[in-house]
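In what follows, a structure is listed as structure tokens, so that the remarks can point back to it.
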Amino acid sequence: MNITFQNKNVDYERYSRQIISPSIGEKGQEILSNLRILQIGVGGLGSPFALYMTAAGIKELTIIDNDVVSLSNLQRQILYDEADIGEEKVKVAKRVLERKNSSITVHAHKDFVDENSIEKYIDNQDFIVDCSDNLETKFLVNRVAVNHGIKCVIAGIKDFYGQILTINPRKSACYQCIFSEPPQDHKSEGPLPVIGVTPGILGTLEALEVIKTALGLPNLENKLLMVNLLEFSFNIIDVIKSEKCICSQ
Ligand SMILES: [Zn+2]
């Protein structure tokens, strides 16, 4: 196949296999190469998400996580290996990701994400992606996305099960349209059972959603994808934006 490329800003050799996709092309690759993404959490979901976004050739990835690598992480958090135990996750992640693709910028922040701290990172972001392991953060990421008009992908996992939703702020249903926020005095459930493959698949689907949403391809707006890896079922539930929700105020 002979293709004449016009745009000098695109690395044709590196991304040739996605550029020849009729759904992406030269123009699509240029869109991807300008994306700035804020990633909350770099654990089980965040490892494959960051790896695939970096490989796809985005412009800038900002990763925030407050944790250090521990032995029990290695079963599912595939960015890390035994030599990284005790190190800051964001520091290791930045090193691994920059080695994978030196043309993208990785900003790494060891920080606890809350209502105030997250404000420092949202300027000029095209997407905010939840790769956290707790409900409070998912609701927070959703609120920030809705309030600041940033496109958003949120996934959750437990054991062999996962769910994922994409939010086009104020246009499509948000996370809070579907799920009710846990009460303030809600205690987290402690360690949940997780098969390592489950966040592997859901984190990869989050990367796919960012790519498809950025390119205007069919995505999971107003659709909640429910994944059951025990039965191998992928079900899409149509969801409706609530008139009473924060995203409609
Ligand atoms: Zn809503």
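If you're wondering about the labels, chains in the structure tokens are A, B, ... by order shown, residues count from 1 in each chain, ligands from 1 in order shown.
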Dump the neighbourhood of ligand 1 as a ChimeraX atom specification: all residues within 7 Å, distances computed on only C-alpha atoms and all ligand atoms.
-> /A:173-177,241-242,245-248
Extract, using only C-alpha atoms, all DNA, RNA and protein residues at most 7 Å from stretch 43-56 of chain A, discarding same-chain residues fewer than 3 positions from it, and format them as a list in words.
-> Arg76, Gln77, Ile78, Leu79, Leu97, Lys100, Asn101, Cys131, Pro199, Gly200, Leu202, Gly203, Thr204, Glu206 and Ala207 of chain A
Long-range neighbours of stretch 155-162 of chain A as a list of chain:residue names, 8 Å cut-off, only C-alpha atoms, 4 positions minimum in chain =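 Those residues are A:Asp130, A:Cys131, A:Asp133, A:Leu192, A:Pro193, A:Val194, A:Ile195, A:Thr198, A:Pro199, A:Leu202, A:Gly203, A:Glu206, A:Met226, A:Val227, A:Asn228, A:Leu229, A:Leu230.
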Considering only C-alpha atoms, return as a PyMOL selection string whatever protein or nucleic-acid residues lie within 10 Å of stretch 25-35 of chain A, sequence-local ones (same chain, fewer than 2 positions apart) excluded.
-> chain A and resi 5-12+15-23+37+53+56-61+103-104+124-127+210-212+214-216
Excluding same-chain residues fewer than 3 positions from stretch 138-144 of chain A, what lies within 10 Å of it counting only C-alpha atoms, as a PyMOL selection string?
-> chain A and resi 39-40+113-115+118-119+122+128-135+147-156+167+169+174-176+179-182+246-247
If we count only C-alpha atoms, what is near A:Ile85 at a cut-off of 12 Å, once residues fewer than 4 positions away on the same chain are taken out, given as an MDAnalysis selection string?
-> chainID A and resid 67:74 77 79:81 89 91:92
I need the chosen residues saved as a PDB file, in the first residue's frame, with N, CA and C atoms.
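Listed below is the output, out_34.pdb:
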ATOM      1  N   ASP A  67       0.247   6.643  46.316  1.00  0.00           N
ATOM      2  CA  ASP A  67       0.643   5.362  46.893  1.00  0.00           C
ATOM      3  C   ASP A  67       2.078   4.972  46.515  1.00  0.00           C
ATOM      4  N   VAL A  68       2.613   4.020  47.283  1.00  0.00           N
ATOM      5  CA  VAL A  68       3.881   3.386  46.906  1.00  0.00           C
ATOM      6  C   VAL A  68       3.605   1.934  46.498  1.00  0.00           C
ATOM      7  N   VAL A  69       4.515   1.373  45.718  1.00  0.00           N
ATOM      8  CA  VAL A  69       4.338   0.012  45.208  1.00  0.00           C
ATOM      9  C   VAL A  69       4.523  -0.996  46.345  1.00  0.00           C
ATOM     10  N   SER A  70       3.581  -1.931  46.453  1.00  0.00           N
ATOM     11  CA  SER A  70       3.735  -3.001  47.443  1.00  0.00           C
ATOM     12  C   SER A  70       3.619  -4.363  46.745  1.00  0.00           C
ATOM     13  N   LEU A  71       4.073  -5.401  47.446  1.00  0.00           N
ATOM     14  CA  LEU A  71       4.106  -6.751  46.856  1.00  0.00           C
ATOM     15  C   LEU A  71       2.724  -7.194  46.365  1.00  0.00           C
ATOM     16  N   SER A  72       1.678  -6.863  47.135  1.00  0.00           N
ATOM     17  CA  SER A  72       0.333  -7.326  46.763  1.00  0.00           C
ATOM     18  C   SER A  72      -0.238  -6.576  45.562  1.00  0.00           C
ATOM     19  N   ASN A  73       0.434  -5.501  45.111  1.00  0.00           N
ATOM     20  CA  ASN A  73       0.006  -4.774  43.902  1.00  0.00           C
ATOM     21  C   ASN A  73       0.378  -5.523  42.622  1.00  0.00           C
ATOM     22  N   LEU A  74       1.451  -6.309  42.681  1.00  0.00           N
ATOM     23  CA  LEU A  74       2.083  -6.809  41.445  1.00  0.00           C
ATOM     24  C   LEU A  74       1.192  -7.780  40.658  1.00  0.00           C
ATOM     25  N   GLN A  77      -1.125  -4.764  38.914  1.00  0.00           N
ATOM     26  CA  GLN A  77      -0.672  -3.427  38.507  1.00  0.00           C
ATOM     27  C   GLN A  77       0.575  -3.579  37.648  1.00  0.00           C
ATOM     28  N   LEU A  79       2.354  -2.107  35.546  1.00  0.00           N
ATOM     29  CA  LEU A  79       3.450  -1.146  35.311  1.00  0.00           C
ATOM     30  C   LEU A  79       4.658  -1.450  36.190  1.00  0.00           C
ATOM     31  N   TYR A  80       4.448  -2.207  37.283  1.00  0.00           N
ATOM     32  CA  TYR A  80       5.483  -2.319  38.317  1.00  0.00           C
ATOM     33  C   TYR A  80       6.056  -3.726  38.413  1.00  0.00           C
ATOM     34  N   ASP A  81       7.307  -3.789  38.865  1.00  0.00           N
ATOM     35  CA  ASP A  81       7.897  -5.103  39.114  1.00  0.00           C
ATOM     36  C   ASP A  81       8.522  -5.157  40.511  1.00  0.00           C
ATOM     37  N   LYS A  89       4.562   5.162  43.178  1.00  0.00           N
ATOM     38  CA  LYS A  89       4.006   4.658  41.913  1.00  0.00           C
ATOM     39  C   LYS A  89       4.168   5.649  40.761  1.00  0.00           C
ATOM     40  N   LYS A  91       6.344   7.891  40.258  1.00  0.00           N
ATOM     41  CA  LYS A  91       7.742   8.022  39.824  1.00  0.00           C
ATOM     42  C   LYS A  91       8.132   6.854  38.907  1.00  0.00           C
ATOM     43  N   VAL A  92       7.758   5.638  39.323  1.00  0.00           N
ATOM     44  CA  VAL A  92       8.056   4.462  38.502  1.00  0.00           C
ATOM     45  C   VAL A  92       7.283   4.545  37.189  1.00  0.00           C
TER      46      VAL A  92
END
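Proximity of A:Ser233, A:Thr213, A:Thr62, A:Gln184 to A:Asp123, computed with only C-alpha atoms, is greatest for A:Thr62.
A straight line drawn from atom CA of A:Ile201 to atom CA of A:Glu189 is 22.7 Å long.
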Give the strand (DSSP E or B) residues of stretch 148-198 of chain A, as assigned by DSSP on the backbone, as a ChimeraX atom specification.
-> /A:151-159,161-167,194
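Between atom CA of A:Lys187 and atom CA of A:Thr137 the interatomic distance comes to 13.5 Å.
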Could you tell me, as a PyMOL selection string, which residues of stretch 15-48 of chain A DSSP assigns to alpha helix (DSSP H) when given the backbone?
-> chain A and resi 16-19+25-32+46-48
Take atom CA of A:Ile178 and atom CA of A:Ile240 and report the distance between them in Å, one decimal.
->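 It comes out at 8.2 Å.
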Spatial neighbours of A:Asp238, max dist 8 Å, only C-alpha atoms, sep filter under 2 positions, as a list of chain:residue names |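 Near neighbours after the sequence-gap exclusion: A:Asn222, A:Lys223, A:Leu224, A:Ile236, A:Ile240.
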Save the residues we just selected, N, CA and C atoms, as a CSV table (one decimal), in the first residue's frame?
chain,number,residue,atom,x,y,z
A,222,ASN,N,-24.1,7.8,27.4
A,222,ASN,CA,-25.5,7.3,27.7
A,222,ASN,C,-25.6,5.8,27.6
A,223,LYS,N,-24.4,5.1,27.7
A,223,LYS,CA,-24.4,3.7,27.7
A,223,LYS,C,-23.5,3.2,28.8
A,224,LEU,N,-24.0,2.3,29.7
A,224,LEU,CA,-23.2,1.7,30.7
A,224,LEU,C,-22.8,0.3,30.2
A,236,ILE,N,-24.7,-3.8,27.3
A,236,ILE,CA,-24.8,-2.4,27.3
A,236,ILE,C,-26.2,-2.0,27.8
A,240,ILE,N,-30.2,7.3,31.0
A,240,ILE,CA,-30.8,8.5,30.6
A,240,ILE,C,-30.3,9.6,31.6
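The closest residue to A:Ser117, picked from A:Ile64, A:Leu220, A:Val239, A:Leu208 and counting only C-alpha atoms, is A:Ile64.
Minimum distance to A:Ile164 across A:Asp84, A:Glu98, A:Glu221, A:Asn66 (counting only C-alpha atoms) occurs at A:Glu221.
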